[in-house]
Structure formats: C-alpha cells, structure tokens
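Structure file query-v7.txt with compact mmCIF, N, CA and C atoms:
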# COMPACT_ATOMS: atom_id res chain seq x y z
N MET R 1020 184.16 131.88 90.82
CA MET R 1020 183.01 132.71 90.61
C MET R 1020 183.44 134.17 90.70
N ASP R 1021 183.08 134.94 89.69
CA ASP R 1021 183.43 136.35 89.63
C ASP R 1021 182.22 137.19 90.03
N VAL R 1022 182.28 137.82 91.21
CA VAL R 1022 181.20 138.68 91.70
C VAL R 1022 181.63 140.13 91.55
N LYS R 1023 180.77 140.92 90.92
CA LYS R 1023 181.10 142.32 90.68
C LYS R 1023 179.97 143.19 91.21
N LEU R 1024 180.34 144.19 92.03
CA LEU R 1024 179.40 145.19 92.52
C LEU R 1024 179.76 146.53 91.89
N THR R 1025 178.80 147.16 91.25
CA THR R 1025 179.03 148.45 90.61
C THR R 1025 178.05 149.46 91.17
N GLN R 1026 178.58 150.53 91.78
CA GLN R 1026 177.69 151.56 92.29
C GLN R 1026 177.21 152.42 91.13
N TRP R 1027 175.91 152.68 91.13
CA TRP R 1027 175.31 153.48 90.08
C TRP R 1027 174.89 154.83 90.65
N ASN R 1028 175.30 155.91 90.01
CA ASN R 1028 174.93 157.25 90.46
C ASN R 1028 174.30 158.09 89.35
N LYS R 1029 174.70 157.82 88.11
CA LYS R 1029 174.18 158.61 86.99
C LYS R 1029 174.28 157.78 85.72
N PHE R 1030 173.54 158.21 84.72
CA PHE R 1030 173.58 157.51 83.44
C PHE R 1030 175.00 157.53 82.89
N GLY R 1031 175.44 156.40 82.40
CA GLY R 1031 176.79 156.24 81.91
C GLY R 1031 177.65 155.42 82.85
N ASP R 1032 177.22 155.26 84.11
CA ASP R 1032 177.98 154.45 85.07
C ASP R 1032 177.92 152.96 84.75
N HIS R 1033 176.84 152.51 84.12
CA HIS R 1033 176.69 151.10 83.77
C HIS R 1033 175.79 150.99 82.54
N ASP R 1034 176.19 150.13 81.60
CA ASP R 1034 175.46 149.98 80.34
C ASP R 1034 174.04 149.44 80.50
N LEU R 1035 173.77 148.70 81.58
CA LEU R 1035 172.44 148.12 81.76
C LEU R 1035 171.38 149.16 82.10
N VAL R 1036 171.76 150.27 82.69
CA VAL R 1036 170.78 151.24 83.18
C VAL R 1036 170.37 152.20 82.07
N LYS R 1037 169.07 152.24 81.85
CA LYS R 1037 168.51 153.12 80.81
C LYS R 1037 167.56 154.11 81.46
N GLU R 1038 167.21 155.13 80.71
CA GLU R 1038 166.27 156.13 81.21
C GLU R 1038 164.88 155.50 81.32
N ILE R 1039 164.16 155.87 82.36
CA ILE R 1039 162.79 155.38 82.54
C ILE R 1039 161.90 156.09 81.54
N THR R 1040 161.16 155.30 80.75
CA THR R 1040 160.30 155.90 79.73
C THR R 1040 158.83 155.63 79.98
N ASN R 1041 158.50 154.79 80.97
CA ASN R 1041 157.12 154.50 81.29
C ASN R 1041 156.45 155.76 81.83
N LYS R 1042 155.27 156.06 81.38
CA LYS R 1042 154.59 157.30 81.76
C LYS R 1042 153.73 157.16 83.01
N GLU R 1043 153.68 155.98 83.61
CA GLU R 1043 152.87 155.81 84.81
C GLU R 1043 153.48 156.62 85.95
N PHE R 1044 152.63 157.06 86.86
CA PHE R 1044 153.01 157.98 87.92
C PHE R 1044 154.22 157.52 88.72
N GLU R 1045 154.20 156.27 89.19
CA GLU R 1045 155.29 155.83 90.06
C GLU R 1045 156.64 155.87 89.35
N TYR R 1046 156.66 155.59 88.08
CA TYR R 1046 157.92 155.62 87.35
C TYR R 1046 158.36 157.05 87.06
N GLU R 1047 157.42 157.92 86.78
CA GLU R 1047 157.77 159.32 86.56
C GLU R 1047 158.32 159.94 87.84
N GLU R 1048 157.74 159.58 88.98
CA GLU R 1048 158.23 160.09 90.26
C GLU R 1048 159.65 159.60 90.52
N ALA R 1049 159.91 158.32 90.24
CA ALA R 1049 161.25 157.77 90.42
C ALA R 1049 162.25 158.47 89.49
N LYS R 1050 161.82 158.72 88.27
CA LYS R 1050 162.69 159.40 87.30
C LYS R 1050 163.07 160.78 87.82
N ASN R 1051 162.13 161.47 88.45
CA ASN R 1051 162.42 162.80 88.99
C ASN R 1051 163.42 162.73 90.13
N GLU R 1052 163.55 161.57 90.78
CA GLU R 1052 164.52 161.39 91.86
C GLU R 1052 165.87 160.92 91.34
N GLY R 1053 166.04 160.88 90.01
CA GLY R 1053 167.31 160.51 89.42
C GLY R 1053 167.47 159.03 89.15
N ALA R 1054 166.38 158.27 89.25
CA ALA R 1054 166.44 156.83 89.07
C ALA R 1054 166.54 156.45 87.60
N GLY R 1055 167.04 155.25 87.39
CA GLY R 1055 167.09 154.65 86.06
C GLY R 1055 166.41 153.31 86.12
N ALA R 1056 166.43 152.55 85.03
CA ALA R 1056 165.77 151.25 84.99
C ALA R 1056 166.66 150.22 84.32
N ILE R 1057 166.58 149.00 84.82
CA ILE R 1057 167.25 147.86 84.21
C ILE R 1057 166.16 146.96 83.68
N ASN R 1058 166.25 146.58 82.42
CA ASN R 1058 165.25 145.73 81.78
C ASN R 1058 163.84 146.31 81.88
N GLN R 1059 163.69 147.59 81.92
CA GLN R 1059 162.45 148.35 81.96
C GLN R 1059 161.61 148.14 83.21
N TRP R 1060 161.99 147.26 84.13
CA TRP R 1060 161.15 146.99 85.29
C TRP R 1060 161.87 147.13 86.62
N ILE R 1061 163.17 147.05 86.64
CA ILE R 1061 163.92 147.13 87.89
C ILE R 1061 164.45 148.55 88.04
N ILE R 1062 163.93 149.25 89.03
CA ILE R 1062 164.34 150.65 89.24
C ILE R 1062 165.58 150.68 90.12
N ILE R 1063 166.54 151.49 89.72
CA ILE R 1063 167.76 151.69 90.49
C ILE R 1063 167.90 153.17 90.79
N TYR R 1064 168.19 153.46 92.05
CA TYR R 1064 168.36 154.85 92.49
C TYR R 1064 169.84 155.16 92.67
N PRO R 1065 170.20 156.43 92.53
CA PRO R 1065 171.60 156.81 92.75
C PRO R 1065 172.10 156.30 94.11
N GLY R 1066 173.29 155.71 94.09
CA GLY R 1066 173.90 155.18 95.30
C GLY R 1066 173.74 153.68 95.46
N GLN R 1067 172.75 153.08 94.78
CA GLN R 1067 172.55 151.64 94.88
C GLN R 1067 173.59 150.91 94.02
N TYR R 1068 173.70 149.60 94.24
CA TYR R 1068 174.70 148.79 93.55
C TYR R 1068 174.05 147.74 92.65
N ILE R 1069 174.67 147.51 91.51
CA ILE R 1069 174.29 146.45 90.59
C ILE R 1069 175.16 145.25 90.90
N VAL R 1070 174.53 144.09 91.08
CA VAL R 1070 175.25 142.86 91.38
C VAL R 1070 175.28 142.00 90.12
N GLU R 1071 176.49 141.58 89.74
CA GLU R 1071 176.66 140.68 88.61
C GLU R 1071 177.53 139.51 89.05
N ILE R 1072 177.18 138.32 88.61
CA ILE R 1072 177.98 137.13 88.87
C ILE R 1072 178.31 136.51 87.52
N ASN R 1073 179.60 136.31 87.30
CA ASN R 1073 180.11 135.78 86.04
C ASN R 1073 179.54 136.52 84.84
N GLY R 1074 179.43 137.85 84.97
CA GLY R 1074 178.98 138.69 83.86
C GLY R 1074 177.48 138.75 83.67
N GLU R 1075 176.70 138.09 84.53
CA GLU R 1075 175.24 138.08 84.41
C GLU R 1075 174.63 138.96 85.49
N PHE R 1076 173.69 139.82 85.11
CA PHE R 1076 172.99 140.67 86.06
C PHE R 1076 172.18 139.79 87.02
N ILE R 1077 172.31 140.07 88.33
CA ILE R 1077 171.58 139.31 89.34
C ILE R 1077 170.54 140.17 90.04
N SER R 1078 170.95 141.35 90.53
CA SER R 1078 170.04 142.14 91.34
C SER R 1078 170.58 143.55 91.53
N VAL R 1079 169.75 144.37 92.17
CA VAL R 1079 170.14 145.70 92.64
C VAL R 1079 170.05 145.65 94.16
N ILE R 1080 171.09 146.12 94.85
CA ILE R 1080 171.08 146.10 96.31
C ILE R 1080 171.36 147.50 96.86
N SER R 1081 170.99 147.69 98.10
CA SER R 1081 171.18 148.98 98.76
C SER R 1081 172.66 149.23 99.06
N THR R 1082 172.96 150.47 99.34
CA THR R 1082 174.32 150.85 99.72
C THR R 1082 174.74 150.12 100.99
N GLU R 1083 173.82 149.99 101.95
CA GLU R 1083 174.13 149.33 103.22
C GLU R 1083 174.52 147.87 103.01
N LYS R 1084 173.77 147.15 102.17
CA LYS R 1084 174.09 145.75 101.90
C LYS R 1084 175.43 145.63 101.18
N ALA R 1085 175.66 146.52 100.23
CA ALA R 1085 176.92 146.47 99.48
C ALA R 1085 178.11 146.73 100.40
N GLU R 1086 177.97 147.67 101.33
CA GLU R 1086 179.07 147.96 102.25
C GLU R 1086 179.38 146.75 103.13
N LYS R 1087 178.35 146.01 103.56
CA LYS R 1087 178.58 144.80 104.34
C LYS R 1087 179.35 143.76 103.53
N ILE R 1088 178.99 143.62 102.27
CA ILE R 1088 179.67 142.65 101.41
C ILE R 1088 181.11 143.09 101.16
N LEU R 1089 181.29 144.36 100.85
CA LEU R 1089 182.63 144.85 100.53
C LEU R 1089 183.57 144.80 101.73
N THR R 1090 183.06 144.96 102.93
CA THR R 1090 183.93 144.90 104.11
C THR R 1090 184.30 143.47 104.48
N GLN R 1091 183.59 142.49 103.95
CA GLN R 1091 183.89 141.08 104.22
C GLN R 1091 184.97 140.55 103.30
N LYS R 1092 185.28 141.25 102.24
CA LYS R 1092 186.30 140.77 101.29
C LYS R 1092 187.67 140.87 101.87

Would you mind writing the file's structure down as structure tokens?
Amino acid sequence: MDVKLTQWNKFGDHDLVKEITNKEFEYEEAKNEGAGAINQWIIIYPGQYIVEINGEFISVISTEKAEKILTQK
C-alpha cells in the first residue's frame, strides 16, 4: 500500500486543489484565508496535508495529525 502525504500551502502544490469559486459567505471567508478546495466541497487551508492511498484521494488532515503519522515511519 502506497500512502502519500502532501502538505498544501499555495496553489500549484497539488493538482487536486482548485480556487474556491462558490460565492456563499463561508467559502468566500475561507478563500480570503488562503484556502483552496478539492472536488468543490472539501476546503483545505495552508499547512494542511492531502492524504492519498495508492494514488486515490482519501482526506485532508491537520498538520498535527500528519506530524504524528510522519514521526511513526
């Protein structure tokens, strides 16, 4: 099993993350904080990690959770 954690900080760090285009308040506020979106519904903030297993997107996790996983390797 191939597990990959990719830290996201800005557009271009990962192909899955796109600019938030929804005009609803909560998404506009997240966009102002530098957030992006995966599949138009999963918001990712700078510093969070994208989890992929065998090339498939699984989830977005916090920096704290990613550090716990990375230190166990």

Separation of atom C of Gly1055 (chain R) from CA of Ile1080 (chain R), in Å and rounded to one decimal =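 Going from atom C of Gly1055 (chain R) over to CA of Ile1080 (chain R), I get 13.3 Å.
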
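When CA of Ile1072 (chain R) is paired with CA of Gln1059 (chain R), their separation reads 20.4 Å.
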
ask   = In Å to one decimal, how far is CA of Thr1040 (chain R) from CA of Ser1081 (chain R)?
value =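 It comes out at 23.0 Å.
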
request  = Return the single residue from R:Ile1069, R:Val1036, R:Glu1086, R:Gln1026 that is closest to Ala1054 (chain R), with distances computed using only C-alpha atoms.
outcome  = R:Val1036

key: All helix (DSSP H, G or I) residues (DSSP, backbone) inside chain R, as a ChimeraX atom specification   = /R:1044-1051,1082-1091

Neighbour list for Lys1023 (chain R) as a list in words, cut-off 10 Å, only C-alpha atoms, skip fewer than 4 positions in-chain = Tyr1068, Ile1069, Val1070, Glu1071, Ile1072, Asn1073, Gly1074, Glu1075 and Phe1076 of chain R

ask   = Pick the closest to Val1079 (chain R) from R:Lys1037, R:Ile1061, R:Gln1091, R:Gly1031: which is it, counting all atoms listed in the file?
value = R:Ile1061

message = Taking only chain R into account, list the residues labelled strand (DSSP E) by DSSP (computed from the backbone), as JSON, numbers by chain.
response = {"R": [1022, 1023, 1024, 1025, 1026, 1036, 1037, 1055, 1056, 1057, 1061, 1062, 1063, 1068, 1069, 1070, 1071, 1072, 1075, 1076, 1077, 1078, 1079, 1080]}

Emit as JSON the padded axis-aligned box for all listed atoms of region 1023-1035 of chain R, 6 Å per side, with centre and edge lengths in Å to one decimal.
{"center_x": 176.2, "center_y": 149.8, "center_z": 86.4, "size_x": 21.7, "size_y": 29.7, "size_z": 24.2}
